[in-house]
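A quick write-up on the structure given underneath.
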Amino acid sequence: MLVAQQYMAAGEDQEAREFLAANADPGSPLLLATTALCDSDWDAALSHAASWQSGTESTRVLKAAVEATALTNTGQDDAALACLRAADPDGTLSGVQLAIAQILLGRADRRRGDQWLTEVQEAFSLAIKARDSRRSWFGDSVAPIVAAVQAAQACGDIATAWELMQEQPEGQATTREARDVRLLEHRALLAALTGRMDEARRLQGQIDSVYIKAQITALTLERENGDQAQISQLQAAWQAVWDAAATEHEQLHAAMGLAEWGVEPAGLNNLEAAHPDLVADIRLIARASRSSATGDLSVLRANVTKSPMIVILLAQHYQVTGDREQRARTLRSGAEYWRDASMMAMAAKAYRQADMPGTTRDCARDALELGGPGWPAQSRSEMYALLVDAEFAEGNPDRAAAAARSMLTLNPHDHDALWALARCHVVRGMTEDAWNVLVDQGTPVEPRTRHEALLWVALGVRYSDDATFVGQALTLMRRWPDDEELLGGFITTLHAGAAATQERWSEADGEQLRQATERYLERFPGSSQFRAVQLGPNNDPLANLADDLRQAYESTREVRDKVASGDLPLGILTRVVGRTYTEASLCRAAGFVYARDAMADAAGAEAVTAAQSVRAVIDPTVAHTLALLDPRLAEILIGFPDGVVTTDQLFQDALQAKDSLALQSDLTIVWDPEGQQPDVRPEEAGELERYRSTAGRVVEILRSTARVPHPELRSFPLPAHRGGQWLTALDHAKEHGLVLWTDDRVLRSLAHSSDVPAFGTLDLLDAVGTAGRLSTDEVLLAKAELLRHYYADIDFSHDLYTAAALADGWRAKAVAEALSRPQAWTEPQPVASFVLGCITHVSERYPQDIAQWLAMASTGLAKASASGAVSQNLKTLAWHALTQSWVTASSLPFVLAGLRCGIAVRDDAGTPLEDALAQFYAALVAELGHKLAASWLMRLFDLAPDTEKTIAARVVLTHQGS
């Protein structure tokens with residue numbers, strides 16, 4: 001029976017009759033009914049079908065199909081639809097859904113019923129549903145696509161009709177569907193309608209239909225010649241289409257084409273009895289077109305209240321001319337006049353194509369209101385889908401998620417809804433929730449597009465517990481064998497997942513990924529996504545990287561230098577070097593963490609006070625700071641303001657940083673500007689793991705913080721769309737009258753200049769201590785911890801700096817670096833004493849630290865000294881260093897090297913070391929006499945560089961009394 005139906009569907013009734021006669025029970029009511037259909041004996045078909053007792057679901061569907069065909073051909077569309085719907089009450093059978101869609105399309109052509117546009121929209125929805133269903137079991141999904149294309153064309157939505165037939169990612173069709181010959185005629189016609197004339201002509205030569213060929217010729221004449229073509233030529237071209245039309249459906253389309261050029265074809269009266277509404281529209285259009293020799297649309301516009309068809313035709317005119325916004329406005333006005341939900345839905349889609357999300361949202365809501373609860377579920381689902389996209393574009397992921405949930409209420413298995421909700425969760429940083437949405441029904445929802453595929457891999461590599469996931473992901477890559485960017489994204493994501501979750505990767509998984517990577521590199525050797533670099537010669541293996549590294553270094557040097565000096569905000573680097581804001585903070589891309597500005601202490605204190613009555617917006621620099629502190633202390637700080645919030649974009653930034661650090665090696669290839677060659681820089685032992693651990697803590701802090709979407713910079717727009725996440729906290733604070741909490745003092749300065757109150761964690765620590773929430777010692781130890789992590793310009797306090805240095809084992813690390821800043825030297829004497837005391841603890845075990853302590857101290861002192869005092873200040877520091885008990889022949893070279901660093905900072909430094917040495921020698925002479933003093937001094941310089949020995953000898957020889 002199914003085979004017979006296939007013959008009938010192909011128009012081969014004789015073959016169907018012969019097959020039934022040879023293979024079926026001659027007494028079967030179903031056989032008799034089907035044979036009657038082949039003979040166009042509709043009454044007999046209904047009679048035989050009525051006597052057939054169907055027991056199974058499949059036989060009930062067959063019976064309904066026979067009855068529906070007979071009923072439709074006797075003009076009983078409503079009965080046919082009721083019959084089919086009764087056979088498939090749950091709406092899950094693709095064959096029934098397609099049959100309903102085809103009846104609705106046929107009725108729309110005949111204009112039967114007042115809701116023809118609604119029915120066309122329903123036909124489109126049912127066809128898409130049938131297509132998706134058949135795709136899931138590799139059935140014939142092309143037949144539903146043909147119906148969907150016809151429905152889209154009937155609505156005047158040529159763009160969607162074209163998209164349905166184009167291969168992904170540009171369109172919606174799979175490769176198999178796009179190459180099916182059944183779509184050839186439709187693609188040729190749509191190519192002409194959408195102005196793709198070269199493709200239309202190419203396809204025209206491959207089709208047999210004289211009617212379609214004539215229609216393409218007429219459309220080509222309209223498109224390519226336009227005003228240059230004589231109206232008579234255009235009328236003749238459409239007359240040829242009319243002459244080639246073989247069915248009433250084709251005649252109506254040809255008549256419409258003629259009407260647009262002012263002609264009512266001979267024979268139009270013959271169609272009036274069966275299609276009174278459409279013929280009336282055609283005559284009205286012909287009259288409107290005749291009103292102007294140039295095809296003026298004024299009469300057409302004046303008659304939009306006469307028929308919904310006039311509205312759609314006028315909108316189609318605007319689409320053909322490329323005026324998308326006017327097309328959308330026309331549809332919306334018509335929908336408001338006719339109170340038509342389907343036309344309002346068309347307006348919503350048109351506004352989406354015009355890239356107007358706000359109006360798309362309004363029209364989608366209006367369509368849902370007009371349609372009411374009785375509107376077909378698929379039509380409502382489409383409007384909710386538009387709401388998802390519009391709310392996303394407007395930066396409202398929570399509202400988008402609500403719309404997605406409404407879609408799932410209508411159909412819990414709606415893959416569009418599941419992907420939409422997953423996307424909402426991803427935008428909000430709720431990645432595990434996103435994966436749970438996709439696996440809620442057991443088996444993960446299959447990705448259908450390249451964007452879904454990349455998201456599927458990114459989520460699955462992190463959360464899937466399926467042992468075969470890696471193989472599935474690599475198999476998925478085969479769907480897009482030529483997409484370099486997508487496949488590179490797959491490879492990168494899988495490598496990141498392997499680095500982050502090594503315990504879940506088997507040896508076989510790793511081998512599969514290695515092989516896939518090798519194939520990718522062979523296929524795309526020049527990829528910017530993921531590529532291999534050939535080693536250079538043995539004496540210079542990094543030679544092939546030199547040009548790229550040098551160019552990158554030189555193009556970014558100016559910005560990096562300004563960030564390192566604290567003149568530009570840290571976030572600028574995200575746009576320059578392509579790293580996340582969180583990575584820039586964690587890895588101290590500025591060298592120091594510029595968290596404090598002494599000149600803005602008062603403003604910071606005021607901002608902390610303000611934050612006790614309004615919320616504070618934090619960014620990853622604050623989360624980084626809090627991650628370094630004791631969790632209990634971090635909780636107290638977070639709880640001090642009235643409330644704390646961050647943006648989805650900054651949370652996403654932190655997640656990306658965590659993934660990026662998981663993939664990084666502890667060896668980095670950089671450009672060495674001094675050696676003018678590439679260099680390999682290893683991270684300090686355990687440093688990369690500390691970055692990764694801190695990144696995880698940053699993510700958890702931001703995850704537990706209230707988040708708001710802020711997809712667009714409104715108060716502080718940047719010239720380019722990407723790379724502005726770091727500004728979203730400030731932008732959100734400005735827009736909503738909140739307080740900014742950031743540990744980038746340059747960003748705080750920008751906030752203050754824009755009337756946004758801003759403070760840093762150091763400001764908050766002082767306020768919390770003053771309020772008695774923390775003891776003095778707790779505040780001191782918290783600041784010491786930050787000092788140990790390169791937080792710059794914290795006021796010098798002997799107890800504070802001692803606590804930090806002690807925690808570092810007195811090594812010349814972050815505390816020593818802090819002393820290179822001039823702000824640490826407001827009172828030089830206690831700072832110098834502190835430095836020399838620290839050296840006392842390390843001089844024997846780590847003599848190299850002597851040089852580092854003194855280098856940083858002399859540098860900071862030199863920078864802090866006034867023009868006339870620099871030489872004397874450095875001389876004093878050198879004198880105190882030379883007189884320490886730990887100065888020996890073996891340690892002196894480190895002392896001299898360290899002091900020389902500070903002297904080199906200032907051109908006006910003079911000769912402070914020589915002067916200090918002369919003073920030192922004079923003291924020796926006074927104690928030992930010249931002869932013994934000279935011998936003692938030269939023995940002290942025994943291991944010093946020759947240049948320093950020369951200076952010592954000069955001091956001895958030029959000493960008064962020598």
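Just so we're on the same page: first chain in the structure tokens is A, next is B, and so on; residues restart at 1 for each chain, and ligands are numbered from 1 in the order they show up.
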May I have all residues of region 434-542 of chain A that DSSP, computed from the backbone, assigns to helix (DSSP H, G or I), given as a PyMOL selection string? chain A and resi 434-438+450-463+469-479+484-500+502-504+507-523
Find the spatial neighbours of region 300-309 of chain A, counting only C-alpha atoms, within a cut-off of 8 Å - ignore same-chain residues fewer than 6 positions away - and output them as an NGL selection string. :A and (281 or 285 or 288-289 or 334 or 337-338)
Dump of all heavy atoms for the selected residues, as a PDB file, in the first residue's frame:
ATOM      1  N   ASP A 281      -8.449  40.338  -6.197  1.00  0.00           N
ATOM      2  CA  ASP A 281      -7.170  40.979  -5.877  1.00  0.00           C
ATOM      3  C   ASP A 281      -6.362  41.246  -7.147  1.00  0.00           C
ATOM      4  O   ASP A 281      -5.744  42.303  -7.298  1.00  0.00           O
ATOM      5  CB  ASP A 281      -6.356  40.096  -4.934  1.00  0.00           C
ATOM      6  CG  ASP A 281      -6.942  40.065  -3.522  1.00  0.00           C
ATOM      7  OD1 ASP A 281      -7.748  40.962  -3.208  1.00  0.00           O
ATOM      8  OD2 ASP A 281      -6.586  39.142  -2.747  1.00  0.00           O
ATOM      9  N   ILE A 285      -5.013  44.826  -8.445  1.00  0.00           N
ATOM     10  CA  ILE A 285      -3.585  45.081  -8.681  1.00  0.00           C
ATOM     11  C   ILE A 285      -3.360  45.577 -10.110  1.00  0.00           C
ATOM     12  O   ILE A 285      -2.572  46.503 -10.350  1.00  0.00           O
ATOM     13  CB  ILE A 285      -2.777  43.795  -8.410  1.00  0.00           C
ATOM     14  CG1 ILE A 285      -2.836  43.463  -6.915  1.00  0.00           C
ATOM     15  CG2 ILE A 285      -1.329  43.945  -8.860  1.00  0.00           C
ATOM     16  CD1 ILE A 285      -2.383  42.054  -6.598  1.00  0.00           C
ATOM     17  N   ALA A 288      -4.341  49.122 -10.200  1.00  0.00           N
ATOM     18  CA  ALA A 288      -3.362  49.965  -9.526  1.00  0.00           C
ATOM     19  C   ALA A 288      -2.127  50.159 -10.397  1.00  0.00           C
ATOM     20  O   ALA A 288      -1.561  51.255 -10.467  1.00  0.00           O
ATOM     21  CB  ALA A 288      -2.962  49.340  -8.188  1.00  0.00           C
ATOM     22  N   SER A 289      -1.717  49.105 -11.072  1.00  0.00           N
ATOM     23  CA  SER A 289      -0.528  49.197 -11.914  1.00  0.00           C
ATOM     24  C   SER A 289      -0.774  50.063 -13.140  1.00  0.00           C
ATOM     25  O   SER A 289       0.121  50.772 -13.608  1.00  0.00           O
ATOM     26  CB  SER A 289      -0.086  47.787 -12.354  1.00  0.00           C
ATOM     27  OG  SER A 289       0.240  47.003 -11.226  1.00  0.00           O
ATOM     28  N   GLY A 334      -0.604  46.677   8.168  1.00  0.00           N
ATOM     29  CA  GLY A 334      -1.673  45.817   7.682  1.00  0.00           C
ATOM     30  C   GLY A 334      -2.189  44.885   8.762  1.00  0.00           C
ATOM     31  O   GLY A 334      -3.402  44.667   8.896  1.00  0.00           O
ATOM     32  N   TYR A 337      -4.410  46.748  11.096  1.00  0.00           N
ATOM     33  CA  TYR A 337      -5.722  47.051  10.511  1.00  0.00           C
ATOM     34  C   TYR A 337      -6.588  45.802  10.472  1.00  0.00           C
ATOM     35  O   TYR A 337      -7.752  45.818  10.867  1.00  0.00           O
ATOM     36  CB  TYR A 337      -5.566  47.632   9.105  1.00  0.00           C
ATOM     37  CG  TYR A 337      -6.899  47.894   8.440  1.00  0.00           C
ATOM     38  CD1 TYR A 337      -7.592  49.081   8.697  1.00  0.00           C
ATOM     39  CD2 TYR A 337      -7.467  46.946   7.588  1.00  0.00           C
ATOM     40  CE1 TYR A 337      -8.831  49.308   8.116  1.00  0.00           C
ATOM     41  CE2 TYR A 337      -8.702  47.171   6.996  1.00  0.00           C
ATOM     42  CZ  TYR A 337      -9.380  48.361   7.270  1.00  0.00           C
ATOM     43  OH  TYR A 337     -10.613  48.583   6.702  1.00  0.00           O
ATOM     44  N   TRP A 338      -6.016  44.717   9.966  1.00  0.00           N
ATOM     45  CA  TRP A 338      -6.799  43.497   9.778  1.00  0.00           C
ATOM     46  C   TRP A 338      -6.877  42.652  11.057  1.00  0.00           C
ATOM     47  O   TRP A 338      -7.576  41.633  11.067  1.00  0.00           O
ATOM     48  CB  TRP A 338      -6.191  42.647   8.650  1.00  0.00           C
ATOM     49  CG  TRP A 338      -6.346  43.277   7.297  1.00  0.00           C
ATOM     50  CD1 TRP A 338      -5.411  43.971   6.603  1.00  0.00           C
ATOM     51  CD2 TRP A 338      -7.521  43.276   6.500  1.00  0.00           C
ATOM     52  NE1 TRP A 338      -5.919  44.404   5.407  1.00  0.00           N
ATOM     53  CE2 TRP A 338      -7.224  43.991   5.307  1.00  0.00           C
ATOM     54  CE3 TRP A 338      -8.810  42.742   6.650  1.00  0.00           C
ATOM     55  CZ2 TRP A 338      -8.155  44.185   4.301  1.00  0.00           C
ATOM     56  CZ3 TRP A 338      -9.737  42.926   5.636  1.00  0.00           C
ATOM     57  CH2 TRP A 338      -9.408  43.647   4.486  1.00  0.00           C
TER      58      TRP A 338
END
Within 7 Å of region 193-200 of chain A, counting only C-alpha atoms, which residues show up once you throw out same-chain ones fewer than 5 positions away? Write them as a PyMOL selection string, please. chain A and resi 188+219-220+223+320
If you keep C-alpha atoms, can you produce a file of those selected residues as an mmCIF file, in the first residue's frame?
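Final file, again09.cif:
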data_model
loop_
_atom_site.group_PDB
_atom_site.id
_atom_site.type_symbol
_atom_site.label_atom_id
_atom_site.label_comp_id
_atom_site.auth_asym_id
_atom_site.auth_seq_id
_atom_site.Cartn_x
_atom_site.Cartn_y
_atom_site.Cartn_z
ATOM 1 C CA ALA A 188 15.857 28.535 -9.940
ATOM 2 C CA LEU A 219 11.734 37.984 -13.757
ATOM 3 C CA THR A 220 15.152 38.407 -15.378
ATOM 4 C CA ARG A 223 15.381 42.688 -12.632
ATOM 5 C CA VAL A 320 12.335 43.214 -4.081
#
Compare A:His736, A:Arg615, A:Arg352, A:Arg339 by their minimum atom-to-atom distance to Asp366 (chain A), counting only C-alpha atoms, and give me the closest one. A:Arg339
Spatial neighbours of Arg692 (chain A), 9 Å, only C-alpha atoms, chain gap at least 4 places, as a VMD selection string: chain A and resid 657 to 659 661 to 662 687 to 688 696 to 697
Okay, now the selection with C-alpha atoms, as a PDB file, in the first residue's frame?
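Okay, part-v1.pdb is ready:
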ATOM      1  CA  ALA A 657      40.793  32.935  31.269  1.00  0.00           C
ATOM      2  CA  LYS A 658      40.475  29.726  33.257  1.00  0.00           C
ATOM      3  CA  ASP A 659      40.253  27.685  30.051  1.00  0.00           C
ATOM      4  CA  LEU A 661      45.429  29.052  31.426  1.00  0.00           C
ATOM      5  CA  ALA A 662      44.573  25.365  31.440  1.00  0.00           C
ATOM      6  CA  GLU A 687      53.808  29.765  39.014  1.00  0.00           C
ATOM      7  CA  LEU A 688      51.525  28.492  36.250  1.00  0.00           C
ATOM      8  CA  GLY A 696      39.499  28.907  39.546  1.00  0.00           C
ATOM      9  CA  ARG A 697      38.973  30.921  42.704  1.00  0.00           C
TER      10      ARG A 697
END
Near Gly769 (chain A), within 12 Å and counting only C-alpha atoms, which residues show up once chain neighbours fewer than 4 positions away are dropped, as a PyMOL selection string? chain A and resi 633+636-637+640+762-765+773-783
Using only C-alpha atoms, the best pick from A:Asp793, A:Asp243, A:Asp483, A:Asp561 as closest to Arg596 (chain A) would be A:Asp793
Residues near region 909-925 of chain A, cut-off 7 Å, only C-alpha atoms, skip fewer than 5 positions along chain, as an MDAnalysis selection string: chainID A and resid 870:872 874:875 878:879 903 930 933 955
File of the preceding selection, N, CA, C and O atoms, as a PDB file, in the first residue's frame:
ATOM      1  N   VAL A 870      69.521  64.133  44.791  1.00  0.00           N
ATOM      2  CA  VAL A 870      69.640  62.735  44.400  1.00  0.00           C
ATOM      3  C   VAL A 870      71.022  62.178  44.715  1.00  0.00           C
ATOM      4  O   VAL A 870      71.161  61.071  45.252  1.00  0.00           O
ATOM      5  N   SER A 871      72.066  62.943  44.440  1.00  0.00           N
ATOM      6  CA  SER A 871      73.418  62.435  44.673  1.00  0.00           C
ATOM      7  C   SER A 871      73.669  62.189  46.153  1.00  0.00           C
ATOM      8  O   SER A 871      74.210  61.154  46.552  1.00  0.00           O
ATOM      9  N   GLN A 872      73.243  63.142  46.986  1.00  0.00           N
ATOM     10  CA  GLN A 872      73.468  63.004  48.419  1.00  0.00           C
ATOM     11  C   GLN A 872      72.667  61.832  48.981  1.00  0.00           C
ATOM     12  O   GLN A 872      73.161  61.065  49.817  1.00  0.00           O
ATOM     13  N   LEU A 874      71.649  59.073  47.439  1.00  0.00           N
ATOM     14  CA  LEU A 874      72.239  57.813  47.028  1.00  0.00           C
ATOM     15  C   LEU A 874      73.575  57.568  47.726  1.00  0.00           C
ATOM     16  O   LEU A 874      73.920  56.423  48.061  1.00  0.00           O
ATOM     17  N   LYS A 875      74.316  58.651  47.982  1.00  0.00           N
ATOM     18  CA  LYS A 875      75.580  58.519  48.716  1.00  0.00           C
ATOM     19  C   LYS A 875      75.311  57.998  50.125  1.00  0.00           C
ATOM     20  O   LYS A 875      76.019  57.109  50.632  1.00  0.00           O
ATOM     21  N   ALA A 878      74.499  54.322  49.958  1.00  0.00           N
ATOM     22  CA  ALA A 878      75.714  53.551  49.689  1.00  0.00           C
ATOM     23  C   ALA A 878      76.601  53.466  50.938  1.00  0.00           C
ATOM     24  O   ALA A 878      77.170  52.418  51.246  1.00  0.00           O
ATOM     25  N   TRP A 879      76.732  54.586  51.645  1.00  0.00           N
ATOM     26  CA  TRP A 879      77.537  54.614  52.878  1.00  0.00           C
ATOM     27  C   TRP A 879      77.006  53.603  53.889  1.00  0.00           C
ATOM     28  O   TRP A 879      77.757  52.798  54.452  1.00  0.00           O
ATOM     29  N   ILE A 903      71.811  54.383  40.521  1.00  0.00           N
ATOM     30  CA  ILE A 903      72.564  55.540  40.023  1.00  0.00           C
ATOM     31  C   ILE A 903      72.291  55.759  38.545  1.00  0.00           C
ATOM     32  O   ILE A 903      72.203  56.905  38.067  1.00  0.00           O
ATOM     33  N   HIS A 930      96.761  54.905  56.957  1.00  0.00           N
ATOM     34  CA  HIS A 930      96.642  54.834  55.498  1.00  0.00           C
ATOM     35  C   HIS A 930      97.129  53.514  54.935  1.00  0.00           C
ATOM     36  O   HIS A 930      96.490  52.906  54.075  1.00  0.00           O
ATOM     37  N   ALA A 933      94.739  50.682  55.911  1.00  0.00           N
ATOM     38  CA  ALA A 933      93.432  50.941  55.300  1.00  0.00           C
ATOM     39  C   ALA A 933      93.464  50.634  53.812  1.00  0.00           C
ATOM     40  O   ALA A 933      92.523  50.046  53.246  1.00  0.00           O
ATOM     41  N   VAL A 955      90.445  56.052  44.725  1.00  0.00           N
ATOM     42  CA  VAL A 955      90.056  56.598  46.030  1.00  0.00           C
ATOM     43  C   VAL A 955      91.244  56.581  46.985  1.00  0.00           C
ATOM     44  O   VAL A 955      91.509  57.552  47.726  1.00  0.00           O
TER      45      VAL A 955
END
Test item: residues at most 10 Å from Gln97 (chain A), only C-alpha atoms, excluding those fewer than 3 positions along its chain, as a PyMOL selection string: chain A and resi 84-85+88+91-94+100-102+123+125-131+144
